[in-house]
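S.K.: Take a look at structure.cif, mmCIF, C-alpha atoms and all ligand atoms:
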data_start
#
loop_
_atom_site.label_atom_id
_atom_site.label_comp_id
_atom_site.auth_asym_id
_atom_site.auth_seq_id
_atom_site.Cartn_x
_atom_site.Cartn_y
_atom_site.Cartn_z
CA MET A 141 -6.17 -31.35 178.88
CA ASN A 142 -8.31 -34.30 179.93
CA PHE A 143 -6.86 -36.32 182.77
CA THR A 144 -8.98 -38.87 184.65
CA SER A 145 -8.68 -40.24 188.18
CA SER A 146 -6.80 -43.28 186.83
CA ASP A 147 -3.94 -40.89 185.91
CA ASN A 148 -3.43 -40.17 189.61
CA THR A 149 -0.92 -43.02 190.08
CA PHE A 150 2.82 -43.45 189.79
CA GLU A 151 2.27 -46.11 187.10
CA ALA A 152 0.28 -43.63 185.00
CA ALA A 153 3.12 -41.11 185.34
CA GLN A 154 5.59 -43.79 184.22
CA ALA A 155 3.40 -44.55 181.21
CA PHE A 156 3.37 -40.85 180.24
CA ASN A 157 7.19 -40.88 180.47
CA GLU A 158 7.32 -43.84 178.10
CA LYS A 159 5.17 -42.07 175.52
CA ASP A 160 7.10 -38.79 175.78
CA SER A 161 8.77 -38.13 172.41
CA LEU A 162 11.21 -35.68 174.05
CA LYS A 163 12.31 -37.99 176.87
CA GLU A 164 15.86 -38.42 175.53
CA PHE A 165 16.65 -34.73 176.11
CA ARG A 166 16.76 -35.18 179.90
CA ASP A 167 20.04 -36.99 179.36
CA GLU A 168 21.58 -33.90 177.79
CA PHE A 169 21.62 -32.03 181.12
CA LEU A 170 23.55 -32.07 184.39
CA PHE A 171 21.39 -32.09 187.53
CA PRO A 172 22.49 -30.56 190.86
CA GLN A 173 23.13 -33.19 193.50
CA PHE A 174 21.28 -34.01 196.72
CA LYS A 175 22.66 -36.77 198.96
CA GLY A 176 24.32 -38.46 195.99
CA GLN A 177 21.25 -38.25 193.75
CA ASP A 178 19.91 -35.84 191.16
CA TYR A 179 17.71 -33.11 192.58
CA LEU A 180 14.26 -32.99 191.02
CA TYR A 181 14.61 -29.58 189.44
CA PHE A 182 11.59 -27.26 189.08
CA THR A 183 13.36 -23.91 188.89
CA GLY A 184 14.11 -23.65 185.18
CA HIS A 185 12.09 -20.39 185.22
CA SER A 186 14.92 -18.95 187.32
CA LEU A 187 18.11 -20.67 186.13
CA GLY A 188 17.92 -23.49 183.61
CA LEU A 189 20.12 -26.58 183.96
CA GLN A 190 23.55 -26.92 182.41
CA PRO A 191 23.58 -28.70 179.03
CA LYS A 192 26.33 -31.35 179.10
CA LYS A 193 27.73 -29.91 175.87
CA ALA A 194 28.21 -26.43 177.41
CA ARG A 195 31.58 -27.42 178.87
CA GLU A 196 32.79 -28.70 175.48
CA ALA A 197 31.69 -25.48 173.77
CA ILE A 198 33.43 -23.33 176.40
CA ASN A 199 36.56 -25.48 176.24
CA GLU A 200 36.63 -24.94 172.49
CA VAL A 201 36.83 -21.17 173.12
CA LEU A 202 39.59 -21.67 175.71
CA ASP A 203 41.52 -23.83 173.24
CA SER A 204 41.08 -21.31 170.48
CA TRP A 205 42.32 -18.54 172.77
CA SER A 206 45.39 -20.52 173.80
CA LEU A 207 46.21 -21.75 170.28
CA ARG A 208 45.43 -18.66 168.24
CA GLY A 209 45.40 -15.67 170.60
CA VAL A 210 44.05 -12.58 168.87
CA ASP A 211 43.76 -14.43 165.54
CA ALA A 212 40.88 -16.43 167.01
CA HIS A 213 38.70 -13.43 166.20
CA PHE A 214 38.97 -14.42 162.54
CA THR A 215 40.09 -18.07 162.43
CA GLY A 216 39.05 -21.46 163.81
CA ASP A 217 35.72 -23.27 163.55
CA HIS A 218 33.80 -20.49 165.29
CA PRO A 219 35.64 -17.17 164.83
CA TRP A 220 34.82 -14.74 167.63
CA MET A 221 34.10 -11.77 165.38
CA THR A 222 30.99 -13.50 164.05
CA TYR A 223 30.33 -15.91 166.93
CA HIS A 224 27.10 -14.20 167.97
CA GLU A 225 25.89 -14.02 164.38
CA SER A 226 26.26 -17.77 163.99
CA LEU A 227 23.60 -18.19 166.71
CA ILE A 228 21.02 -15.89 165.16
CA GLU A 229 19.31 -18.42 162.87
CA SER A 230 18.66 -20.79 165.80
CA MET A 231 17.53 -17.96 168.08
CA SER A 232 15.16 -16.73 165.37
CA ARG A 233 13.60 -20.17 165.09
CA VAL A 234 12.93 -20.28 168.84
CA MET A 235 11.56 -16.74 169.02
CA GLY A 236 9.72 -16.54 165.68
CA THR A 237 11.72 -13.55 164.45
CA LYS A 238 13.37 -12.79 161.15
CA PRO A 239 17.15 -13.09 161.53
CA GLU A 240 17.68 -9.44 160.62
CA GLU A 241 15.30 -8.42 163.44
CA THR A 242 17.37 -10.27 166.05
CA VAL A 243 20.54 -9.60 168.00
CA ILE A 244 22.15 -11.34 170.97
CA MET A 245 23.95 -8.88 173.22
CA ASN A 246 24.35 -7.48 176.76
CA ALA A 247 21.74 -8.57 179.30
CA LEU A 248 18.03 -7.96 179.61
CA THR A 249 17.84 -4.74 181.65
CA THR A 250 20.61 -3.07 179.64
CA ASN A 251 18.81 -4.02 176.44
CA LEU A 252 15.53 -2.74 177.81
CA HIS A 253 17.12 0.67 178.42
CA LEU A 254 18.59 0.65 174.92
CA MET A 255 15.16 -0.10 173.48
CA LEU A 256 13.54 2.62 175.60
CA VAL A 257 16.04 5.09 174.13
CA SER A 258 14.65 4.18 170.72
CA PHE A 259 10.99 3.59 171.51
CA TYR A 260 10.08 5.78 174.48
CA ARG A 261 9.89 9.18 172.86
CA PRO A 262 7.52 11.12 175.07
CA THR A 263 5.98 14.46 174.20
CA LYS A 264 4.27 16.93 176.56
CA THR A 265 0.92 15.27 175.96
CA ARG A 266 1.84 11.68 175.04
CA TYR A 267 4.18 10.44 177.74
CA LYS A 268 2.52 7.58 179.64
CA ILE A 269 3.84 4.03 179.88
CA LEU A 270 1.46 1.15 180.58
CA ILE A 271 3.04 -1.74 182.48
CA GLU A 272 1.44 -4.72 184.23
CA GLN A 273 1.04 -4.67 188.00
CA ASN A 274 3.69 -6.79 189.73
CA ALA A 275 6.02 -6.48 186.78
CA PHE A 276 9.55 -7.65 187.54
CA PRO A 277 11.19 -4.87 189.62
CA SER A 278 14.00 -4.30 187.13
CA ASP A 279 11.41 -3.41 184.46
CA ILE A 280 9.69 -1.01 186.85
CA TYR A 281 13.01 0.64 187.76
CA ALA A 282 13.83 0.92 184.05
CA VAL A 283 10.57 2.61 183.02
CA LYS A 284 10.48 4.87 186.08
CA SER A 285 14.05 6.02 185.54
CA GLN A 286 13.41 6.60 181.85
CA ALA A 287 10.36 8.73 182.66
CA ARG A 288 12.47 10.74 185.12
CA PHE A 289 15.28 11.00 182.56
CA HIS A 290 12.81 12.67 180.18
CA GLY A 291 11.73 15.11 182.91
CA PHE A 292 8.44 13.49 183.95
CA ASP A 293 7.14 12.60 187.39
CA TRP A 294 6.95 8.80 187.24
CA ARG A 295 3.80 8.87 189.39
CA GLU A 296 2.05 10.50 186.46
CA ALA A 297 3.91 8.76 183.66
CA ILE A 298 3.68 5.12 184.76
CA VAL A 299 0.25 3.46 184.68
CA GLU A 300 -0.14 -0.01 186.15
CA LEU A 301 -2.48 -2.53 184.64
CA THR A 302 -4.17 -4.41 187.47
CA ALA A 303 -4.92 -8.14 187.22
CA ASP A 304 -8.67 -7.51 186.75
CA GLN A 305 -8.20 -4.94 183.97
CA ASP A 306 -8.29 -5.76 180.28
CA PRO A 307 -5.09 -4.47 178.65
CA LEU A 308 -6.95 -3.55 175.47
CA GLU A 309 -9.49 -1.45 177.38
CA GLN A 310 -6.74 0.30 179.33
CA ILE A 311 -4.87 1.10 176.12
CA GLU A 312 -8.09 2.55 174.70
CA ASN A 313 -8.64 4.61 177.90
CA LEU A 314 -5.14 6.08 177.79
CA LYS A 315 -5.25 6.61 174.05
CA ASP A 316 -3.59 9.91 173.09
CA GLU A 317 -1.61 10.04 176.35
CA LEU A 318 -0.04 6.65 175.79
CA ALA A 319 3.55 6.68 174.54
CA LEU A 320 4.47 3.04 175.22
CA VAL A 321 3.08 -0.28 176.38
CA MET A 322 5.87 -2.25 178.09
CA MET A 323 4.81 -5.56 179.57
CA GLY A 324 6.10 -8.98 180.47
CA ASN A 325 4.51 -11.47 178.09
CA VAL A 326 4.46 -13.92 181.00
CA ASN A 327 4.22 -12.25 184.39
CA TYR A 328 7.00 -13.54 186.63
CA LEU A 329 4.83 -13.76 189.75
CA SER A 330 1.51 -15.06 188.42
CA GLY A 331 2.57 -17.01 185.33
CA GLN A 332 -0.15 -15.22 183.34
CA ALA A 333 0.63 -14.94 179.63
CA PHE A 334 -0.58 -11.92 177.68
CA ASP A 335 -1.71 -11.89 174.06
CA MET A 336 1.17 -10.02 172.41
CA LYS A 337 -0.49 -9.77 169.01
CA ALA A 338 -3.74 -8.27 170.32
CA ILE A 339 -1.87 -5.84 172.61
CA SER A 340 0.49 -4.78 169.83
CA GLU A 341 -2.39 -4.20 167.42
CA LYS A 342 -4.30 -2.09 169.94
CA ALA A 343 -1.25 -0.07 171.01
CA HIS A 344 -0.46 0.73 167.40
CA GLU A 345 -4.10 1.66 166.75
CA VAL A 346 -3.87 4.43 169.39
CA GLY A 347 -0.45 5.57 168.13
CA ALA A 348 1.74 4.10 170.88
CA PHE A 349 4.85 1.94 170.67
CA VAL A 350 4.83 -1.47 172.30
CA GLY A 351 7.56 -3.72 173.70
CA PHE A 352 7.68 -6.94 175.70
CA ASP A 353 9.97 -8.43 178.33
CA LEU A 354 10.14 -12.10 177.34
CA ALA A 355 12.32 -13.27 180.24
CA HIS A 356 9.66 -15.85 181.11
CA GLY A 357 8.55 -16.44 177.53
CA ALA A 358 11.82 -17.18 175.74
CA GLY A 359 12.32 -20.92 175.21
CA ASN A 360 8.95 -21.42 176.90
CA LEU A 361 6.04 -20.02 174.87
CA ILE A 362 5.61 -19.87 171.11
CA CYS A 363 6.46 -16.20 170.90
CA ASP A 364 6.03 -15.81 167.13
CA LEU A 365 7.41 -12.31 167.53
CA HIS A 366 7.48 -11.20 163.92
CA ASN A 367 3.79 -11.96 163.49
CA ALA A 368 2.85 -10.66 166.95
CA ASP A 369 4.30 -7.37 165.65
CA PRO A 370 5.48 -5.44 168.73
CA ASP A 371 8.07 -2.72 168.09
CA PHE A 372 10.65 -4.47 170.24
CA ALA A 373 11.20 -7.29 172.69
CA VAL A 374 14.00 -8.22 175.07
CA TRP A 375 14.73 -11.50 176.82
CA CYS A 376 17.32 -13.38 178.82
CA THR A 377 18.78 -16.80 178.03
CA TYR A 378 19.54 -18.17 181.50
CA LYS A 379 16.01 -19.36 182.32
CA TYR A 380 14.27 -21.79 179.94
CA MET A 381 17.15 -21.29 177.49
CA ASN A 382 19.65 -22.96 179.83
CA SER A 383 22.68 -20.85 178.90
CA GLY A 384 24.06 -20.28 182.37
CA PRO A 385 24.22 -17.43 184.89
CA GLY A 386 24.62 -13.99 183.34
CA SER A 387 24.23 -15.36 179.80
CA PRO A 388 23.63 -12.84 177.00
CA GLY A 389 20.27 -11.23 176.29
CA GLY A 390 18.22 -11.40 173.12
CA VAL A 391 16.62 -8.46 171.33
CA PHE A 392 13.95 -8.21 168.65
CA ILE A 393 13.50 -4.98 166.73
CA ASN A 394 10.62 -4.96 164.31
CA GLN A 395 11.63 -4.96 160.67
CA LYS A 396 9.72 -1.72 160.09
CA HIS A 397 12.22 0.18 162.27
CA LEU A 398 15.36 -1.23 160.68
CA GLY A 399 17.55 0.83 158.37
CA LYS A 400 16.03 4.14 159.50
CA THR A 401 18.47 6.99 159.83
CA ASP A 402 16.32 9.15 162.10
CA ILE A 403 15.70 6.66 164.94
CA PRO A 404 17.20 7.69 168.30
CA ARG A 405 19.74 5.07 169.32
CA PHE A 406 22.77 4.74 171.58
CA GLU A 407 25.64 3.51 169.41
CA GLY A 408 28.97 1.69 169.72
CA TRP A 409 31.59 0.23 167.43
CA MET A 410 30.06 -3.25 167.24
CA GLY A 411 26.96 -1.67 165.72
CA ASN A 412 29.08 -0.33 162.89
CA HIS A 413 28.96 -2.19 159.57
CA LYS A 414 31.43 -5.10 159.57
CA ASP A 415 33.01 -3.97 156.30
CA THR A 416 33.98 -0.55 157.64
CA ARG A 417 34.41 -1.27 161.37
CA PHE A 418 38.18 -1.48 161.12
CA VAL A 419 38.49 1.65 159.03
CA MET A 420 38.18 3.19 162.50
CA SER A 421 36.34 6.22 161.17
CA PRO A 422 34.62 8.59 163.64
CA GLU A 423 31.56 8.41 161.35
CA PHE A 424 29.12 5.65 162.41
CA ASP A 425 28.20 3.41 159.47
CA PRO A 426 25.28 1.33 160.82
CA ALA A 427 25.31 -2.44 160.37
CA PRO A 428 22.23 -3.71 158.56
CA GLY A 429 19.19 -4.67 160.64
CA ALA A 430 19.01 -4.95 164.40
CA LYS A 431 22.78 -5.41 164.55
CA ALA A 432 23.13 -1.61 164.44
CA TRP A 433 22.09 -1.57 168.13
CA GLN A 434 25.13 -3.61 169.25
CA LEU A 435 27.67 -1.80 171.36
CA ASN A 436 30.48 -4.06 172.55
CA ASN A 437 32.75 -6.97 171.93
CA HIS A 438 30.68 -10.04 172.75
CA PRO A 439 31.16 -12.30 175.80
CA ILE A 440 32.30 -15.36 173.84
CA PHE A 441 32.42 -17.79 176.78
CA GLN A 442 28.77 -17.10 177.54
CA MET A 443 27.90 -17.27 173.86
CA ALA A 444 29.50 -20.73 173.79
CA ALA A 445 27.11 -21.99 176.49
CA LEU A 446 24.25 -20.48 174.51
CA ARG A 447 25.44 -22.35 171.41
CA ALA A 448 25.22 -25.67 173.29
CA SER A 449 21.72 -24.81 174.47
CA LEU A 450 20.38 -23.58 171.12
CA ASP A 451 21.56 -26.82 169.48
CA LEU A 452 19.12 -28.63 171.76
CA PHE A 453 16.28 -26.27 170.85
CA ASP A 454 16.99 -26.90 167.17
CA LYS A 455 16.71 -30.63 167.75
CA ALA A 456 13.65 -30.55 170.00
CA THR A 457 11.83 -27.59 168.33
CA ILE A 458 9.90 -25.00 170.32
CA LYS A 459 6.60 -26.33 168.96
CA ALA A 460 7.15 -29.83 170.37
CA LEU A 461 8.44 -28.34 173.63
CA ARG A 462 5.31 -26.22 174.05
CA LYS A 463 3.10 -29.24 173.35
CA LYS A 464 4.83 -31.31 176.02
CA GLY A 465 5.01 -28.27 178.32
CA ASP A 466 1.22 -27.85 178.16
CA HIS A 467 0.64 -31.53 178.88
CA LEU A 468 3.21 -31.76 181.69
CA THR A 469 2.04 -28.52 183.35
CA GLY A 470 -1.56 -29.71 182.94
CA TYR A 471 -0.61 -32.98 184.64
CA LEU A 472 0.96 -31.06 187.54
CA GLU A 473 -2.21 -28.99 187.93
CA PHE A 474 -4.39 -32.11 187.76
CA LEU A 475 -2.34 -33.89 190.45
CA LEU A 476 -2.37 -30.81 192.70
CA ASN A 477 -6.15 -30.55 192.35
CA GLU A 478 -6.66 -34.26 193.03
CA ASN A 479 -4.29 -34.53 195.99
CA CYS A 480 -3.97 -31.11 197.63
CA GLY A 481 -7.03 -29.22 196.31
CA GLU A 482 -8.09 -27.24 199.37
CA LYS A 483 -4.62 -26.46 200.59
CA ILE A 484 -3.74 -24.50 197.46
CA GLU A 485 -4.92 -21.32 195.79
CA MET A 486 -3.77 -21.46 192.17
CA ILE A 487 -2.79 -18.05 190.81
CA THR A 488 -1.75 -18.99 187.29
CA PRO A 489 -4.61 -18.97 184.76
CA ALA A 490 -6.09 -22.22 183.50
CA TYR A 491 -4.95 -23.80 180.24
CA SER A 492 -6.86 -22.76 177.13
CA GLU A 493 -7.15 -24.65 173.83
CA THR A 494 -7.47 -21.45 171.84
CA LYS A 495 -4.79 -19.11 173.22
CA GLN A 496 -1.61 -19.26 175.27
CA THR A 497 -2.68 -18.32 178.78
CA ARG A 498 0.41 -19.66 180.53
CA GLY A 499 3.68 -21.49 179.93
CA ASN A 500 5.55 -24.03 182.03
CA MET A 501 5.16 -22.28 185.39
CA LEU A 502 2.42 -22.66 188.01
CA CYS A 503 2.33 -20.10 190.82
CA MET A 504 0.32 -20.79 193.95
CA ARG A 505 -0.46 -19.75 197.51
CA PHE A 506 -0.88 -22.21 200.37
CA LYS A 507 -3.16 -22.29 203.40
CA ASN A 508 0.11 -23.00 205.22
CA ASP A 509 3.31 -21.01 204.77
CA ALA A 510 4.64 -21.35 201.17
CA ARG A 511 8.17 -20.80 202.47
CA ALA A 512 7.82 -23.88 204.68
CA VAL A 513 6.55 -25.92 201.72
CA ARG A 514 9.60 -24.90 199.70
CA LYS A 515 11.86 -25.94 202.57
CA ALA A 516 10.10 -29.31 202.95
CA LEU A 517 10.52 -29.92 199.22
CA GLN A 518 14.20 -29.07 199.38
CA ASP A 519 14.68 -31.41 202.35
CA ASN A 520 13.21 -34.12 200.15
CA GLY A 521 15.51 -33.46 197.19
CA ILE A 522 13.19 -31.22 195.18
CA LEU A 523 14.02 -27.65 194.14
CA SER A 524 11.18 -25.14 193.80
CA ASP A 525 11.08 -21.39 194.23
CA PHE A 526 9.55 -19.04 196.79
CA ARG A 527 8.80 -15.39 195.98
CA GLU A 528 7.78 -12.74 198.45
CA PRO A 529 5.29 -12.33 199.89
CA ASP A 530 3.68 -15.80 199.82
CA ILE A 531 4.06 -17.47 196.44
CA LEU A 532 5.55 -20.81 195.44
CA ARG A 533 6.56 -21.11 191.79
CA ILE A 534 7.01 -24.50 190.16
CA ALA A 535 8.23 -24.89 186.59
CA PRO A 536 8.29 -28.30 184.93
CA ALA A 537 10.64 -27.68 181.99
CA PRO A 538 9.83 -30.00 179.07
CA LEU A 539 13.48 -30.41 178.04
CA TYR A 540 14.47 -32.13 181.29
CA ASN A 541 11.45 -32.68 183.54
CA ASN A 542 9.16 -35.66 183.25
CA TYR A 543 5.88 -36.98 184.60
CA THR A 544 7.30 -39.01 187.48
CA ASP A 545 9.20 -35.89 188.67
CA VAL A 546 5.85 -34.13 188.84
CA TYR A 547 4.20 -37.07 190.59
CA LYS A 548 6.91 -37.19 193.29
CA LEU A 549 6.70 -33.42 193.77
CA VAL A 550 2.95 -33.54 194.40
CA GLU A 551 3.35 -36.47 196.80
CA ILE A 552 5.61 -34.32 199.00
CA ILE A 553 3.38 -31.24 198.71
CA ALA A 554 0.34 -33.32 199.72
CA LYS A 555 2.21 -34.64 202.76
CA GLU A 556 4.05 -31.51 203.89
CA SER A 557 1.70 -28.57 203.15
C1 LIG B 601 10.77 -10.86 184.11
C2 LIG B 601 12.21 -10.43 184.30
N1 LIG B 601 12.62 -9.27 183.79
C3 LIG B 601 13.89 -8.83 183.96
C4 LIG B 601 14.82 -9.57 184.66
C5 LIG B 601 16.20 -9.02 184.85
O1 LIG B 601 17.11 -9.68 184.04
P1 LIG B 601 18.65 -9.21 183.91
O2 LIG B 601 19.29 -9.35 185.24
O3 LIG B 601 19.20 -10.20 182.92
O4 LIG B 601 18.66 -7.83 183.42
C6 LIG B 601 14.43 -10.80 185.21
C7 LIG B 601 15.39 -11.63 185.97
O5 LIG B 601 15.10 -12.68 186.49
C8 LIG B 601 13.09 -11.24 185.04
O6 LIG B 601 12.64 -12.38 185.56
#
Would you mind giving the structure from this file in structure tokens?

M.R.:
Amino acid sequence: MNFTSSDNTFEAAQAFNEKDSLKEFRDEFLFPQFKGQDYLYFTGHSLGLQPKKAREAINEVLDSWSLRGVDAHFTGDHPWMTYHESLIESMSRVMGTKPEETVIMNALTTNLHLMLVSFYRPTKTRYKILIEQNAFPSDIYAVKSQARFHGFDWREAIVELTADQDPLEQIENLKDELALVMMGNVNYLSGQAFDMKAISEKAHEVGAFVGFDLAHGAGNLICDLHNADPDFAVWCTYKYMNSGPGSPGGVFINQKHLGKTDIPRFEGWMGNHKDTRFVMSPEFDPAPGAKAWQLNNHPIFQMAALRASLDLFDKATIKALRKKGDHLTGYLEFLLNENCGEKIEMITPAYSETKQTRGNMLCMRFKNDARAVRKALQDNGILSDFREPDILRIAPAPLYNNYTDVYKLVEIIAKES
């Protein structure tokens, strides 16, 4: 990412906008308003913007409900019974999964628990879970409560990987005691991305299962899940996937675990094979693939917003989005270094040509109070995000952010921090 001092101008940022092959996508989104103007929005790592087509997709469901009532489960352009399935191909393209390894259901933490039922199978001697330090609290609560559920003291069962430790070395150290590696592939507080393939390979080498929370990776990094080869992964769709608050979660279950009859799993009627679901038999007849893990009727309104969002991913492609994301995030880092260097301590790792070390989010500390910087930005029509205790997170999302957004953001930070 080679920027030179001549790129430190508004005109240079405008020129980058002109050359941006994804620039048209900005127009597909609705921006929150500040004094009659669009906010500059840098919080897509928290809640992505609303695609303009989301309303149309949701209205289509409302219309179908009013026109067809219960028959809408089986009739209309997008029958509800298979609504979620019609999104799988697109989701698989974004996440690098095989369609049969993928389901869209529930929300992230619920799905994490469901996966832990299947893939945390502790024994007296192999019961430890390795998780990164400063993992998102919901993940920590999930693994602690699962350890307790299996009768272990979480203080012994949960091992935290500190920022200076190599995950592969830690896995090797824990070896025969390690039941599961469960990590965020991008840490929510530092923006650090982990090498899922290397971690999965090492975990499997010592006989442990491995799963990832891709809340900050989905729609952001090239996850290439099938080839990375973890046992499972879970993600949400309201961040970089722009599907709205409380939108449904995504789940990957590795092909090698599909179709097994002896895998522990919590089951419900939507996991039953479609052909026999309405036989209403008390015997569970599992649907093929990851679909066997489904429990409930699906939230169709939320799925509709996801449809509108995935259409945009199909058009833009995750590969092109990552390429722009690297350049745009690199430009943000360059401008911060040029204009506010000493005021900032960057926490997120540097860009690397050879591996994904980060996505679209930069996390930083300030000599001054980060909370005050966030407030100053907001007062100037720019949304960023503060996390306790002292971290500002800024996410330029390649679908709707551009280079002049980033330039204006840094101008305010340089003035107000
Ligand atoms: C990294 C991470 N994991 C888990 C969650 C919890 O997600 P949910 O509320 O969808 O279960 C979040 C929410 O922001 C998150 O950022």

S.K.: Return as a list of chain:residue names every polymer residue, whether protein, DNA or RNA, with at least one atom no more than 8 Å from an atom of ligand LIG 601 (chain B); count all atoms listed in the file.

M.R.: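 These are the residues that qualify: A:Ser186, A:Ala247, A:Leu248, A:Thr249, A:Thr250, A:Asn251, A:Ala275, A:Phe276, A:Pro277, A:Ser278, A:Asp279, A:Gly324, A:Val326, A:Asn327, A:Tyr328, A:Asp353, A:Leu354, A:Ala355, A:His356, A:Trp375, A:Cys376, A:Lys379, A:Gly386, A:Ser387, A:Pro388, A:Gly389.
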
S.K.: Using all atoms listed in the file, determine which residues lie at most 12 Å from Ser557 (chain A), disregarding the query and same-chain residues fewer than 5 positions distant; provide the list as a list of chain:residue names.

M.R.: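 Using all atoms listed in the file, the neighbours found are A:Leu476, A:Asn479, A:Cys480, A:Gly481, A:Glu482, A:Lys483, A:Ile484, A:Arg505, A:Phe506, A:Lys507, A:Asn508, A:Asp509, A:Ala510, A:Arg511, A:Ala512, A:Val513, A:Arg514, A:Lys515, A:Ala516, A:Leu517, A:Leu532, A:Leu549, A:Val550, A:Glu551, A:Ile552.
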
S.K.: Would you pick out the contacts of Phe372 (chain A) at 6 Å or less, using all atoms listed in the file, so that residues sharing its chain but fewer than 4 positions from it are not included, and give the list as a PyMOL selection string?

M.R.: chain A and resi 351+392-394

S.K.: Using only C-alpha atoms, which of the listed residues (A:Pro426, A:Pro239, A:Gly176, A:Gly188) sits closest to Leu365 (chain A)?

M.R.: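 So, comparing all the options, the nearest one is A:Pro239.
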
S.K.: Give me the region 326-403 of chain A side of the contact with region 295-310 of chain A, cut-off 8 Å, one line per residue showing its nearest atom pair and distance in Å at one decimal, counting only C-alpha atoms, sorted by chain and residue number, as a Markdown table.

M.R.:
| residue | atom | partner | partner_atom | distance |
| --- | --- | --- | --- | --- |
| A:Ala338 | CA | A:Leu308 | CA | 7.7 |
| A:Ile339 | CA | A:Leu308 | CA | 6.3 |
| A:Lys342 | CA | A:Leu308 | CA | 6.3 |

S.K.: Neighbours of region 234-236 of chain A within 9 Å (all atoms listed in the file; same-chain residues fewer than 3 positions away dropped), as a PyMOL selection string?

M.R.: chain A and resi 229-231+358-359+361-367+392+450+453-454+457-459

S.K.: Just the residues within 12 Å of Ser226 (chain A), please, counting only C-alpha atoms, with nothing from its chain fewer than 6 positions along; format it as a PyMOL selection string.

M.R.: chain A and resi 217-220+232+239+242-244+440+443-444+446-447+450-451

S.K.: Pick out the closest residue to Ile553 (chain A) from this set: A:Glu272, A:Asp530, A:Asp335, A:Glu478. Count all atoms listed in the file.

M.R.: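 Going through A:Glu272, A:Asp530, A:Asp335, A:Glu478 one by one, the smallest distance to Ile553 (chain A) is for A:Glu478.
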
S.K.: Tell me, in Å to one decimal, how far CA of Gly384 (chain A) is from CA of Ile198 (chain A).

M.R.: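 Going from CA of Gly384 (chain A) over to CA of Ile198 (chain A) covers 11.5 Å.
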
S.K.: Name the residues in contact with Leu461 (chain A) at a cut-off of 8 Å, using only C-alpha atoms, excluding same-chain residues fewer than 5 positions from it; report them as a ChimeraX atom specification.

M.R.: /A:162,360,456,538-539

S.K.: Using only C-alpha atoms, pick whichever of A:Thr416, A:Asn541, A:Gln442, A:Thr469 has the shortest atom-to-atom distance to Asn199 (chain A).

M.R.: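 Residue with the minimum atom-to-atom distance to Asn199 (chain A): A:Gln442.
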
S.K.: In Å, rounded to a single decimal, give me how far CA of Gly209 (chain A) is from CA of Asn437 (chain A).

M.R.: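 We find that CA of Asn437 (chain A) and CA of Gly209 (chain A) lie 15.4 Å from each other.
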
S.K.: Please indicate the distance in Å from CA of Asp402 (chain A) to CA of Ser258 (chain A), rounded to one decimal place.

M.R.: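 It comes out at 10.1 Å.
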
S.K.: Which protein, DNA or RNA residues have an atom at most 10 Å from (2.7, -38.8, 178.8), counting all atoms listed in the file? List them as a list in words.

M.R.: Asp147, Ala152, Ala153, Gln154, Ala155, Phe156, Asn157, Glu158, Lys159, Asp160, Ser161, Lys163, Lys464, His467, Leu468, Tyr471, Asn542, Tyr543 and Thr544 of chain A

S.K.: Taking all atoms listed in the file into account, name the residue in A:Lys495, A:His185, A:Lys555, A:Lys431 that is nearest to Met245 (chain A).

M.R.: A:Lys431

S.K.: With all atoms listed in the file as the basis for distance, which of A:Leu254, A:Leu180, A:Lys175, A:Lys238 is at the shortest distance from Asp545 (chain A)?

M.R.: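 For Asp545 (chain A), the nearest of the given residues is A:Leu180.
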
S.K.: Taking all listed atoms of region 232-238 of chain A, build the axis-aligned box, pad each of the six sides by 6 Å, then write its centre and edge lengths in Å to one decimal as lines of an AutoDock Vina configuration file.

M.R.:
center_x = 12.4
center_y = -16.5
center_z = 165.1
size_x = 17.4
size_y = 19.5
size_z = 19.9

S.K.: Please determine, counting all atoms listed in the file, which residue among A:Ala333, A:Ala194, A:Val346, A:Met323 has the shortest atom-to-atom distance to Val374 (chain A).

M.R.: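 Once distances to Val374 (chain A) are computed over all atoms listed in the file, the minimum belongs to A:Met323.
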
S.K.: So which residues are close to (8.7, 6.6, 182.8), meaning at most 6 Å away in the file's coordinates with only C-alpha atoms counted, and can you show them as a ChimeraX atom specification?

M.R.: /A:283-284,286-287,294,297-298
